[in-house]
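Asks: Have a look at this one before I ask anything.
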There are 2 protein chains.
Amino acid sequence: MRTVDPEANESRRRAILDAAARCFAAAGFRATRTAEICAAAGMSAGNMFHYFPTKHAVLCALVEREGEQADVWLEELRSAADPFLALTAFLATICELAADPMVAGLALESSAIAHRDEVVAELLRANDAALRDGVADLVARARDAGQISAPMSAESAATWIAALVDGVFARRAVQPEFRPADEAQALLTIVSRVLGRTETR
Amino acid sequence: MRTVDPEANESRRRAILDAAARCFAAAGFRATRTAEICAAAGMSAGNMFHYFPTKHAVLCALVEREGEQADVWLEELRSAADPFLALTAFLATICELAADPMVAGLALESSAIAHRDEVVAELLRANDAALRDGVADLVARARDAGQISAPMSAESAATWIAALVDGVFARRAVQPEFRPADEAQALLTIVSRVLGRTETR
């Protein structure tokens with residue numbers, strides 16, 4: 001009798017998702033054939049279907065995995081001793097992620113697909129809501145600690161920080177000379193002004 | 001001999017573009033058939049091809065027309081006596097436009113298509129560059145008039161204002177409770193802070 005090794009199974013799923021992320025970012029979801037994902041994952045064509053029923057399910061699993069990774073990251077930020085420093089780290093990491101062609105390519109591809117795909121759109125909305133929750137928590141804690149004057153609600157501040165993050169990714173597509181890696185300080189300055197950062201050492 | 005009436009020709013082209021904008025915003029570029037555009041424009045199927053060689057050419061003409069309309073608008077703003085007031089009007093109009101399902105739907109659709117279509121992407125980049133030029137001009141004039149302290153360059157300020165505009169449109173897709181029409185004041189407050197608005201009457 002054949003037994004399933006859960007670890008090997010999980011490792012195969014991970015390899016497929018990693019391969020699919022590269023393919024979708026480079027060639028796009030529609031143009032990528034499942035055989036190409038299998039080849040990029042180092043497995044024979046058709047093998048993917050033991051793990052995911054469709055290419056669409058692979059995309060959904062990728063977006064869900066991004067949400068899970070963001071949850072782990074946000075949980076770390078929430079537990080940081082200095083909330084404004086955690087917010088600073090958040091913004092710096094966003095710029096690093098947006099500078100990565102694979103991450104940015106996949107994010108822009110997911111958004112483009114989501115525009116006409118309600119299932120993917122719903123997954124992206126859930127990820128976005130979790131991100132805003134995490135940021136709102138940091139803003140509220142920074143305000144309670146007297147680090148910012150925050151004249152708007154923590155939720156509004158989180159919404160506008162999310163809008164700036166949208167903008168950092170969108171600029172890549174529309175403004176070729178915009179380099180997210182060089183813009184982390186500018187983004188921090190802007191967010192500091194929006195939040196009314198108290199001038200301290 | 002049949003003569004072409006340039007005015008009737010132009011009016012037909014405009015009717016096709018208006019109809020295509022509605023179709024693309026509602027159903028998407030890919031899902032829209034040219035016969036549907038003709039029906040929406042009140043002309044018989046196939047008639048569109050007297051004016052545009054392909055559906056893709058219609059989309060490109062739509063994006064170009066948006067750019068021309070924005071140029072007229074920006075020219076008006078440039079000639080305004082009070083540059084900060086002109087910037088305020090710009091931001092309010094952006095929120096109005098983003099609140100319009102047709103405008104926002106078409107903007108998000110164009111961006112989604114542009115992600116895998118270099119011709120559309122290039123047209124959007126040209127529109128974006130013109131928009132940033134206009135905004136940078138207003139920022140520089142507001143700074144020269146002492147209305148703002150603008151610690152960043154006018155070009156950087158215009159880039160980040162453009163990023164916020166990206167965000168206003170993107171929020172619609174990802175955050176259903178975000179209503180651009182209700183956010184004009186918040187956007188103005190944020191831009192005022194970013195630019196270091198001098199407190200005046």
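Order determines the names: the first chain of the structure tokens is A, the second B, and so forth; residues in each chain are numbered 1 upward, and ligands are numbered 1 upward as they are shown.
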Residues of chain A within 6 Å of chain B, counting only C-alpha atoms - could you list those as a list in words?

Replies: Ala112, Arg125, Ala163, Leu164, Asp166, Gly167, Val174, Ile190, Arg193 and Val194 of chain A

Asks: Leaving out Arg12 of chain B and any residue of its chain fewer than 6 positions from it, which residues lie within 10 Å of it when counting only C-alpha atoms, given as a VMD selection string?

Replies: chain B and resid 6 18 41 to 43 47 to 48 50 to 51

Asks: Go ahead and save the residues from that selection, with N, CA and C atoms, as a compact mmCIF listing (two decimals), in the first residue's frame.

Replies:
```
# COMPACT_ATOMS: atom_id res chain seq x y z
N PRO B 6 -16.05 65.79 -42.82
CA PRO B 6 -15.14 65.60 -41.69
C PRO B 6 -15.84 65.69 -40.34
N ASP B 18 -17.07 56.64 -27.18
CA ASP B 18 -17.94 56.70 -26.01
C ASP B 18 -18.56 55.34 -25.71
N ALA B 41 -23.09 52.01 -29.96
CA ALA B 41 -22.92 53.31 -30.64
C ALA B 41 -24.08 53.59 -31.59
N GLY B 42 -25.05 52.67 -31.66
CA GLY B 42 -26.21 52.86 -32.53
C GLY B 42 -25.88 52.74 -34.01
N MET B 43 -24.90 51.89 -34.33
CA MET B 43 -24.60 51.68 -35.76
C MET B 43 -24.58 50.19 -36.06
N ASN B 47 -19.63 48.40 -38.87
CA ASN B 47 -19.47 49.80 -39.25
C ASN B 47 -18.23 50.43 -38.59
N MET B 48 -17.93 49.94 -37.39
CA MET B 48 -16.77 50.43 -36.64
C MET B 48 -15.49 50.40 -37.47
N HIS B 50 -14.91 51.09 -40.44
CA HIS B 50 -14.66 52.25 -41.30
C HIS B 50 -13.84 53.31 -40.55
N TYR B 51 -13.84 53.21 -39.22
CA TYR B 51 -13.22 54.26 -38.41
C TYR B 51 -11.98 53.78 -37.66
```

Asks: As a tab-separated table (two decimals) with N, CA, C and O atoms, in the first residue's frame, please: the residues near Pro101 of chain B (cut-off 12 Å, only C-alpha atoms, same-chain neighbours under 2 positions excluded).

Replies:
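Saved result, selection.tsv, follows:
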```
chain	number	residue	atom	x	y	z
B	21	ALA	N	-15.91	52.89	-24.45
B	21	ALA	CA	-15.54	53.17	-23.05
B	21	ALA	C	-16.53	52.50	-22.10
B	21	ALA	O	-16.13	51.87	-21.12
B	22	ARG	N	-17.83	52.62	-22.42
B	22	ARG	CA	-18.85	51.99	-21.57
B	22	ARG	C	-18.69	50.46	-21.58
B	22	ARG	O	-18.74	49.82	-20.54
B	24	PHE	N	-15.99	48.57	-22.38
B	24	PHE	CA	-14.73	48.12	-21.76
B	24	PHE	C	-14.81	48.24	-20.24
B	24	PHE	O	-14.32	47.37	-19.51
B	25	ALA	N	-15.41	49.36	-19.77
B	25	ALA	CA	-15.49	49.56	-18.32
B	25	ALA	C	-16.39	48.49	-17.68
B	25	ALA	O	-16.10	47.98	-16.61
B	26	ALA	N	-17.47	48.15	-18.37
B	26	ALA	CA	-18.45	47.22	-17.78
B	26	ALA	C	-18.02	45.77	-17.93
B	26	ALA	O	-18.00	45.00	-16.97
B	95	CYS	N	-10.78	62.86	-7.26
B	95	CYS	CA	-11.68	62.05	-6.42
B	95	CYS	C	-13.04	61.89	-7.09
B	95	CYS	O	-13.64	60.81	-7.03
B	96	GLU	N	-13.53	62.95	-7.75
B	96	GLU	CA	-14.79	62.84	-8.51
B	96	GLU	C	-14.67	61.81	-9.62
B	96	GLU	O	-15.57	60.99	-9.83
B	97	LEU	N	-13.56	61.89	-10.36
B	97	LEU	CA	-13.37	60.96	-11.48
B	97	LEU	C	-13.29	59.52	-10.97
B	97	LEU	O	-13.88	58.60	-11.53
B	98	ALA	N	-12.56	59.32	-9.86
B	98	ALA	CA	-12.40	57.97	-9.31
B	98	ALA	C	-13.72	57.43	-8.77
B	98	ALA	O	-13.90	56.21	-8.65
B	99	ALA	N	-14.64	58.35	-8.42
B	99	ALA	CA	-15.94	57.92	-7.91
B	99	ALA	C	-16.88	57.49	-9.03
B	99	ALA	O	-17.88	56.83	-8.79
B	103	VAL	N	-15.40	55.88	-15.36
B	103	VAL	CA	-14.02	56.38	-15.43
B	103	VAL	C	-13.07	55.43	-14.69
B	103	VAL	O	-12.02	55.04	-15.21
B	104	ALA	N	-13.46	55.05	-13.47
B	104	ALA	CA	-12.60	54.17	-12.67
B	104	ALA	C	-12.48	52.80	-13.32
B	104	ALA	O	-11.39	52.22	-13.39
B	105	GLY	N	-13.60	52.29	-13.84
B	105	GLY	CA	-13.59	50.97	-14.50
B	105	GLY	C	-12.67	50.98	-15.70
B	105	GLY	O	-11.87	50.05	-15.89
B	106	LEU	N	-12.73	52.04	-16.48
B	106	LEU	CA	-11.89	52.13	-17.67
B	106	LEU	C	-10.42	52.30	-17.30
B	106	LEU	O	-9.53	51.70	-17.93
B	107	ALA	N	-10.16	53.09	-16.25
B	107	ALA	CA	-8.77	53.30	-15.81
B	107	ALA	C	-8.17	51.98	-15.34
B	107	ALA	O	-7.04	51.63	-15.70
B	108	LEU	N	-8.92	51.24	-14.51
B	108	LEU	CA	-8.40	49.97	-14.00
B	108	LEU	C	-8.25	48.95	-15.13
B	108	LEU	O	-7.30	48.18	-15.16
B	109	GLU	N	-9.20	48.96	-16.07
B	109	GLU	CA	-9.12	48.05	-17.21
B	109	GLU	C	-7.89	48.38	-18.07
B	109	GLU	O	-7.15	47.47	-18.47
B	169	PHE	N	-7.44	55.22	-7.03
B	169	PHE	CA	-8.10	54.31	-7.98
B	169	PHE	C	-7.95	52.86	-7.52
B	169	PHE	O	-8.91	52.08	-7.58
B	172	ARG	N	-10.37	51.52	-4.76
B	172	ARG	CA	-11.71	51.12	-5.22
B	172	ARG	C	-11.79	49.63	-5.48
B	172	ARG	O	-12.80	49.00	-5.22
B	173	ALA	N	-10.70	49.07	-6.03
B	173	ALA	CA	-10.72	47.66	-6.40
B	173	ALA	C	-10.55	46.75	-5.18
B	173	ALA	O	-11.12	45.67	-5.12
B	179	ARG	N	-14.71	55.22	-0.49
B	179	ARG	CA	-15.52	55.99	-1.43
B	179	ARG	C	-14.77	57.25	-1.81
B	179	ARG	O	-14.73	58.21	-1.01
B	180	PRO	N	-14.19	57.28	-3.01
B	180	PRO	CA	-13.35	58.42	-3.40
B	180	PRO	C	-14.05	59.77	-3.21
B	180	PRO	O	-13.41	60.75	-2.83
B	181	ALA	N	-15.38	59.81	-3.46
B	181	ALA	CA	-16.09	61.09	-3.35
B	181	ALA	C	-16.03	61.64	-1.93
B	181	ALA	O	-16.06	62.85	-1.72
```

Asks: Please indicate the distance in Å from atom CA of Ala130 of chain A to atom CA of Ile94 of chain A, rounded to one decimal place.

Replies: 15.1 Å

Asks: Write out as a PDB file with N, CA and C atoms, in the first residue's frame which residues come within 8 Å of segment 145-147 of chain B when counting only C-alpha atoms, dropping same-chain ones fewer than 4 positions away.

Replies:
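Saved the output as around_34.pdb:
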```
ATOM      1  N   PHE B  84      -1.946  76.983  -5.561  1.00  0.00           N
ATOM      2  CA  PHE B  84      -2.362  75.993  -4.564  1.00  0.00           C
ATOM      3  C   PHE B  84      -3.850  75.686  -4.685  1.00  0.00           C
ATOM      4  N   ARG B 141       5.131  76.576  -8.693  1.00  0.00           N
ATOM      5  CA  ARG B 141       4.554  77.921  -8.596  1.00  0.00           C
ATOM      6  C   ARG B 141       4.027  78.198  -7.184  1.00  0.00           C
ATOM      7  N   ARG B 197       2.254  72.862   3.561  1.00  0.00           N
ATOM      8  CA  ARG B 197       1.357  73.995   3.335  1.00  0.00           C
ATOM      9  C   ARG B 197       1.568  75.031   4.423  1.00  0.00           C
ATOM     10  N   THR B 198       1.826  76.240   4.001  1.00  0.00           N
ATOM     11  CA  THR B 198       1.980  77.342   4.944  1.00  0.00           C
ATOM     12  C   THR B 198       0.588  77.707   5.447  1.00  0.00           C
TER      13      THR B 198
END
```

Asks: As a PyMOL selection string, please: all residues of segment 33-156 of chain A that backbone DSSP puts in helix (DSSP H, G or I).

Replies: chain A and resi 34-40+47-50+55-78+83-99+101-114+118-144+154-156

Asks: Mind checking which residues fall within 10 Å of Ala142 of chain B, counting only C-alpha atoms, ignoring those fewer than 2 positions away in the same chain, and posting them as a count of residues only?

Replies: 21
